[in-house]
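K.L.:
First, the structure itself, so that you have it in front of you.
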Number of protein chains: 2
Amino acid sequence: MVDWKRSRKQVPITVLGVDRRVCPPDGRRSVLPGRVGTTTLDQVTTDTPRRQPTLDEVAERAGVSRSAASRVINNAPHVSRAKREAVLRAVDDLGYVPNATARALATRQAGSVVLAISGDDPAMFADPFFAEVVVGVNAVLEETDLELMLSLATSTRGQARLEQLLRTHQAGGVMLMSLHGDDPLAALAHQASVPVVFGGRPLNIEARYYVDADNRGGARLATEHLIASGRRKIATITGRIDEGAGIARLQGFQEALAVAGLDNSLVEPGDFSEDGGSTAMGRLLDRAPELDAVFIASDQMAIGALRTLARAGRTVPGDVAVIGFNDIPAARHTTPPLTTVNQPIEALGREMARMLLSLMSGDRPSPLILPTRLIHRESA
Amino acid sequence: MVDWKRSRKQVPITVLGVDRRVCPPDGRRSVLPGRVGTTTLDQVTTDTPRRQPTLDEVAERAGVSRSAASRVINNAPHVSRAKREAVLRAVDDLGYVPNATARALATRQAGSVVLAISGDDPAMFADPFFAEVVVGVNAVLEETDLELMLSLATSTRGQARLEQLLRTHQAGGVMLMSLHGDDPLAALAHQASVPVVFGGRPLNIEARYYVDADNRGGARLATEHLIASGRRKIATITGRIDEGAGIARLQGFQEALAVAGLDNSLVEPGDFSEDGGSTAMGRLLDRAPELDAVFIASDQMAIGALRTLARAGRTVPGDVAVIGFNDIPAARHTTPPLTTVNQPIEALGREMARMLLSLMSGDRPSPLILPTRLIHRESA
DNA sequence: ATGAAAGCGCTAACAA
DNA sequence: TTGTTAGCGCTTTCAT
């Protein structure tokens, strides 16, 4: 049995195509068809190093003109039954697949759309939120012929690339997510000559097409729940207030309290991060030791806050009730499990994609606000 | 007039910014900050009706031939300083950006690579694991001119699309993740005429290029830790054993026990899911009530197992020590916090991308196994 | 219904 | 160092 850990250091590469660092589980040497030089995957894996056939070849084989073949491929009218079948047969024989690039060039229609995530930190995408959005987007794109490109416009370089992507018409549309404050991407979107759909209502520009979650409604819901369960000294830890979601959640919180005639000024700024939540909770405890509930604009922050609360000797929900936002998986596993606001993330992705499609087909869809709902668990 | 919109059919928009499709969870209407539409994205972009300039236009403006211009754009040699500057100026004036599609067609080089995730359930991608991989991939792609396409080949339809994507040469290479058992994608990869890099060593095919985490080593590490801390009756809950990772983790577990001369037959099959872990733990408790430790092939399963253990009145780590695998975020928040094996997921993504790049440039890189490490927390 | 011909915007031989 | 000339593979008038 080979010791994997030893083989990890850099080793001179491939001798006759057989690699030193390959360690098959059975300990024997892989017997790969090795050779020196420029073997391509193609040669290795297929006996027939065949090029992809072109439309002309199909046409020739079928004994028709190229345009006839083209018509068949795109099942356009004006082709006799006989010819159509001949072409189809040729396609089958040759294994023809149209070259997407050539088609894109000729039609001036890119075969793809891009989902762009803005932000200052590339690692931001690691938030499961985006993964779920992607699943939604994919679900609707799957029904079309559009491919999905992902653009993490989190660095200057990334933004430049996104701009390039759009300007070069490599993509036929964009879904732009999580702009905050003075995001340069907003301007970029303006200049773009392709349809743009925003995920989350952008702040500084008047967006025409966006889909957003009802952040304000969700926050109000949460706060109302706190009020209904008898809490009276209710605080909040906000998200970044240069983001639409952050603002909306704060507004919802304040509205609910205002309506109930309670004090809504116990507001501590946070940044959506766990540590941010922890320290914000600390500040809150200093400012108002007697608080009995706190609405926190993200589960991550709530987790941090829970930690601070525990350290301060407060029980949850006994001494203070807490509600988070987002319903991340970890929220089920905190102590106590976190009551939180769920937003239909996958649906968000789906609707963005649908809206973009609609836009690309020449319609002018209306903005969309998706409902949020309260998930009762034990922390409030 | 923007070029992407064809039918400009007028649709009444948001009245006072309040959309009809807003549906707050409480059934009441969200009162959004409304205003009558003024500046719209559409109008803004309409101010700039310019078509993207072509290379010919640049050449003409600069008073040089198209090939000279082309040379400048691709900063190729054989261009006089004077001409070069003239072209550059023209580019600047006109705001020229080369058309990526045309270039791809001419060079027969797709400007993108694809990250494909295989699996039976589209929602699988929601696992934060993939998001982290994406971050890694993105990091290295960002340094190149390659765009990233995402392909969730989780349905028949999805797989067909991926195949299409590859055969049409829309993408210049693939990173293929999480094949299991008899995944049809493996065959597909063989036929593909583009370079393929696997994420995780595939099972049924002899892959030449892959990067994997040291699952076996990690499992051994975990098990050895259990042994070292005095546990003697050690069980495991496996992952799917039709996946490379599932198998490797089981092997590592058994190796460690064999080396220590302990019984390594206390094996319960799992499926990587929380519920699966929960029921598997139940079966384990039935089979061997006296067990004092369990190595679990995923944190999700470990969380389920923790639940079962708690219900059965066993304390962790008092009665039984448990170690998970993957180091998911939630592992920090279980009770008690979960000791687990961390794998460098982002690095996995980075290395896959690097390997693909290397492959695409004609090299023949060696497979790569990335180290895993034990994260000590309180459950073991 | 059918095919010839003219592009789409760029690159790459090949001459000059 | 230059410009000219063919393509890349497909779509799309426009005659026939």
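By order of appearance in the structure tokens: chains A, B, ..., then residues from 1 within every chain, and ligands from 1 in the order shown.
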Using only C-alpha atoms (C1' of nucleotides), select each residue of chain C with any atom at most 10 Å away from an atom of chain A, and give the selection as a ChimeraX atom specification.
P.N.:
/C:1-4,7-9
K.L.:
In region 176-331 of chain A, what's helix (DSSP H, G or I) per DSSP? Answer as JSON, numbers by chain?
P.N.:
{"A": [184, 185, 186, 187, 188, 189, 190, 191, 215, 216, 217, 218, 219, 220, 221, 222, 223, 224, 225, 226, 227, 228, 244, 245, 246, 247, 248, 249, 250, 251, 252, 253, 254, 255, 256, 257, 258, 259, 274, 275, 276, 277, 278, 279, 280, 281, 282, 283, 284, 285, 286, 287, 299, 300, 301, 302, 303, 304, 305, 306, 307, 308, 309, 310, 311, 329, 330, 331]}
K.L.:
How would the residues just picked look written out with C-alpha atoms as a compact mmCIF listing (two decimals), in the first residue's frame?
P.N.:
# COMPACT_ATOMS: atom_id res chain seq x y z
CA PRO A 184 -19.47 50.32 -9.70
CA LEU A 185 -21.36 47.45 -11.20
CA ALA A 186 -24.52 49.45 -11.16
CA ALA A 187 -23.07 51.90 -13.61
CA LEU A 188 -21.72 49.06 -15.60
CA ALA A 189 -25.17 47.62 -15.87
CA HIS A 190 -26.38 50.89 -17.20
CA GLN A 191 -23.90 50.89 -19.99
CA ASN A 215 -37.17 41.73 3.57
CA ARG A 216 -39.18 44.42 5.16
CA GLY A 217 -42.23 42.24 5.53
CA GLY A 218 -40.13 39.48 7.03
CA ALA A 219 -38.53 41.78 9.55
CA ARG A 220 -41.90 43.13 10.54
CA LEU A 221 -43.22 39.63 10.94
CA ALA A 222 -40.37 38.70 13.22
CA THR A 223 -40.70 41.80 15.29
CA GLU A 224 -44.43 41.41 15.58
CA HIS A 225 -43.89 37.91 16.85
CA LEU A 226 -41.60 39.25 19.52
CA ILE A 227 -44.18 41.81 20.53
CA ALA A 228 -46.99 39.28 20.49
CA GLY A 244 -30.97 47.06 0.32
CA ALA A 245 -31.65 44.02 2.43
CA GLY A 246 -30.00 45.59 5.44
CA ILE A 247 -32.07 48.70 5.18
CA ALA A 248 -35.33 46.94 4.50
CA ARG A 249 -34.94 44.69 7.50
CA LEU A 250 -34.28 47.65 9.72
CA GLN A 251 -37.32 49.43 8.36
CA GLY A 252 -39.54 46.44 8.98
CA PHE A 253 -38.30 46.25 12.53
CA GLN A 254 -38.94 49.90 13.20
CA GLU A 255 -42.32 49.89 11.56
CA ALA A 256 -43.58 47.03 13.67
CA LEU A 257 -42.43 48.70 16.85
CA ALA A 258 -43.82 52.05 15.83
CA VAL A 259 -47.19 50.53 15.10
CA GLU A 274 -20.78 36.21 13.06
CA ASP A 275 -18.17 38.27 14.82
CA GLY A 276 -20.00 41.44 13.99
CA GLY A 277 -23.10 40.00 15.61
CA SER A 278 -21.20 38.99 18.67
CA THR A 279 -19.72 42.38 19.35
CA ALA A 280 -22.90 44.21 18.44
CA MET A 281 -24.72 42.11 21.02
CA GLY A 282 -22.12 43.14 23.53
CA ARG A 283 -22.73 46.79 22.83
CA LEU A 284 -26.44 46.26 23.06
CA LEU A 285 -26.11 44.64 26.46
CA ASP A 286 -24.10 47.62 27.64
CA ARG A 287 -26.58 50.12 26.33
CA ASP A 299 -28.46 34.15 11.20
CA GLN A 300 -24.71 34.44 11.12
CA MET A 301 -24.91 37.48 13.34
CA ALA A 302 -27.49 35.76 15.48
CA ILE A 303 -25.11 32.90 16.10
CA GLY A 304 -22.51 35.36 17.26
CA ALA A 305 -25.05 37.10 19.43
CA LEU A 306 -26.14 33.83 20.99
CA ARG A 307 -22.55 33.26 22.00
CA THR A 308 -22.29 36.67 23.63
CA LEU A 309 -25.61 36.19 25.37
CA ALA A 310 -24.49 32.85 26.77
CA ARG A 311 -21.26 34.36 28.01
CA PRO A 329 -28.81 25.34 7.79
CA ALA A 330 -26.77 26.04 10.90
CA ALA A 331 -29.76 27.81 12.43
K.L.:
Rounded to one decimal, what separation in Å do you get between CA of Arg354 (chain A) and CA of Met149 (chain A)?
P.N.:
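It comes out at 15.9 Å.
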K.L.:
Work out how far CA of Leu150 (chain A) is from CA of Ser273 (chain B), in Å to one decimal.
P.N.:
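CA of Leu150 (chain A) lies 27.7 Å from CA of Ser273 (chain B).
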K.L.:
DSSP on the backbone: which residues in region 189-308 of chain A end up as strand (DSSP E or B)? Give the answer as a PDB file with C-alpha atoms, in the first residue's frame.
P.N.:
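The result, stored in out.pdb:
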ATOM      1  CA  VAL A 196     -30.004  43.241 -16.838  1.00  0.00           C
ATOM      2  CA  VAL A 197     -32.008  41.779 -13.996  1.00  0.00           C
ATOM      3  CA  PHE A 198     -31.154  42.608 -10.433  1.00  0.00           C
ATOM      4  CA  GLY A 199     -31.320  40.195  -7.578  1.00  0.00           C
ATOM      5  CA  TYR A 210     -35.470  43.146 -10.302  1.00  0.00           C
ATOM      6  CA  VAL A 211     -36.674  40.430  -8.059  1.00  0.00           C
ATOM      7  CA  ASP A 212     -36.298  40.757  -4.351  1.00  0.00           C
ATOM      8  CA  ALA A 213     -37.374  39.046  -1.185  1.00  0.00           C
ATOM      9  CA  ILE A 234     -36.818  44.970  21.859  1.00  0.00           C
ATOM     10  CA  ALA A 235     -33.525  45.688  20.113  1.00  0.00           C
ATOM     11  CA  THR A 236     -32.126  44.958  16.686  1.00  0.00           C
ATOM     12  CA  ILE A 237     -28.761  44.280  15.158  1.00  0.00           C
ATOM     13  CA  VAL A 267     -30.501  49.771  17.028  1.00  0.00           C
ATOM     14  CA  GLU A 268     -26.952  48.469  16.757  1.00  0.00           C
ATOM     15  CA  ALA A 293     -35.607  40.492  22.850  1.00  0.00           C
ATOM     16  CA  VAL A 294     -33.509  41.144  19.803  1.00  0.00           C
ATOM     17  CA  PHE A 295     -34.207  40.855  16.112  1.00  0.00           C
ATOM     18  CA  ILE A 296     -31.020  40.190  14.220  1.00  0.00           C
TER      19      ILE A 296
END
K.L.:
Could you name the residues that touch DA6 (chain D) at 10 Å or less, counting only C-alpha atoms (C1' of nucleotides), but leaving out those on the same chain fewer than 6 positions away, as a PDB file with C-alpha atoms (C1' of nucleotides), in the first residue's frame?
P.N.:
ATOM      1  C1'  DA C  12      -3.505  33.929 -39.754  1.00  0.00           C
ATOM      2  C1'  DA C  13      -0.944  32.669 -43.870  1.00  0.00           C
ATOM      3  C1'  DC C  14       1.334  34.531 -47.293  1.00  0.00           C
TER       4       DC C  14
END
K.L.:
Near chain B, which residues of chain D fall within 8 Å when you count only C-alpha atoms (C1' of nucleotides), and what do they look like as number ranges by chain?
P.N.:
D: 1-3, 8-9
K.L.:
Once chain A sits on chain B after a least-squares Cα superposition, all atoms in order, what's the RMSD?
P.N.:
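Fitting chain A to chain B over paired C-alpha atoms yields 6.2 Å.
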K.L.:
Pull out every residue of chain A that has at least one atom within 7 Å of chain B, counting only C-alpha atoms, and report them as number ranges by chain.
P.N.:
A: 8, 13-14, 19, 21-22, 38, 41-42, 45-46, 97-102, 104-105, 122-123, 125-126, 128, 131-132, 135, 142, 148-150, 158, 167-170, 190-191, 193-194, 206-208, 214, 217, 330, 333-334, 360, 362-364, 366, 368-373
K.L.:
What does the distance between CA of Gly324 (chain B) and CA of Asn342 (chain B) come to in Å, to one decimal place?
P.N.:
9.3 Å
K.L.:
Find the spatial neighbours of Val58 (chain B), counting only C-alpha atoms (C1' of nucleotides), within a cut-off of 7 Å - ignore same-chain residues fewer than 6 positions away - and output them as an mmCIF file with C-alpha atoms, in the first residue's frame.
P.N.:
data_model
loop_
_atom_site.group_PDB
_atom_site.id
_atom_site.type_symbol
_atom_site.label_atom_id
_atom_site.label_comp_id
_atom_site.auth_asym_id
_atom_site.auth_seq_id
_atom_site.Cartn_x
_atom_site.Cartn_y
_atom_site.Cartn_z
ATOM 1 C CA VAL B 87 -4.420 52.133 -33.262
ATOM 2 C CA ALA B 90 -8.499 54.759 -32.122
ATOM 3 C CA VAL B 91 -9.384 51.921 -29.797
#
K.L.:
Quick one: residues within 7 Å of Thr339 (chain B), only C-alpha atoms (C1' of nucleotides), excluding same-chain residues fewer than 4 positions away - as a VMD selection string?
P.N.:
chain B and resid 323 to 324 375 to 380
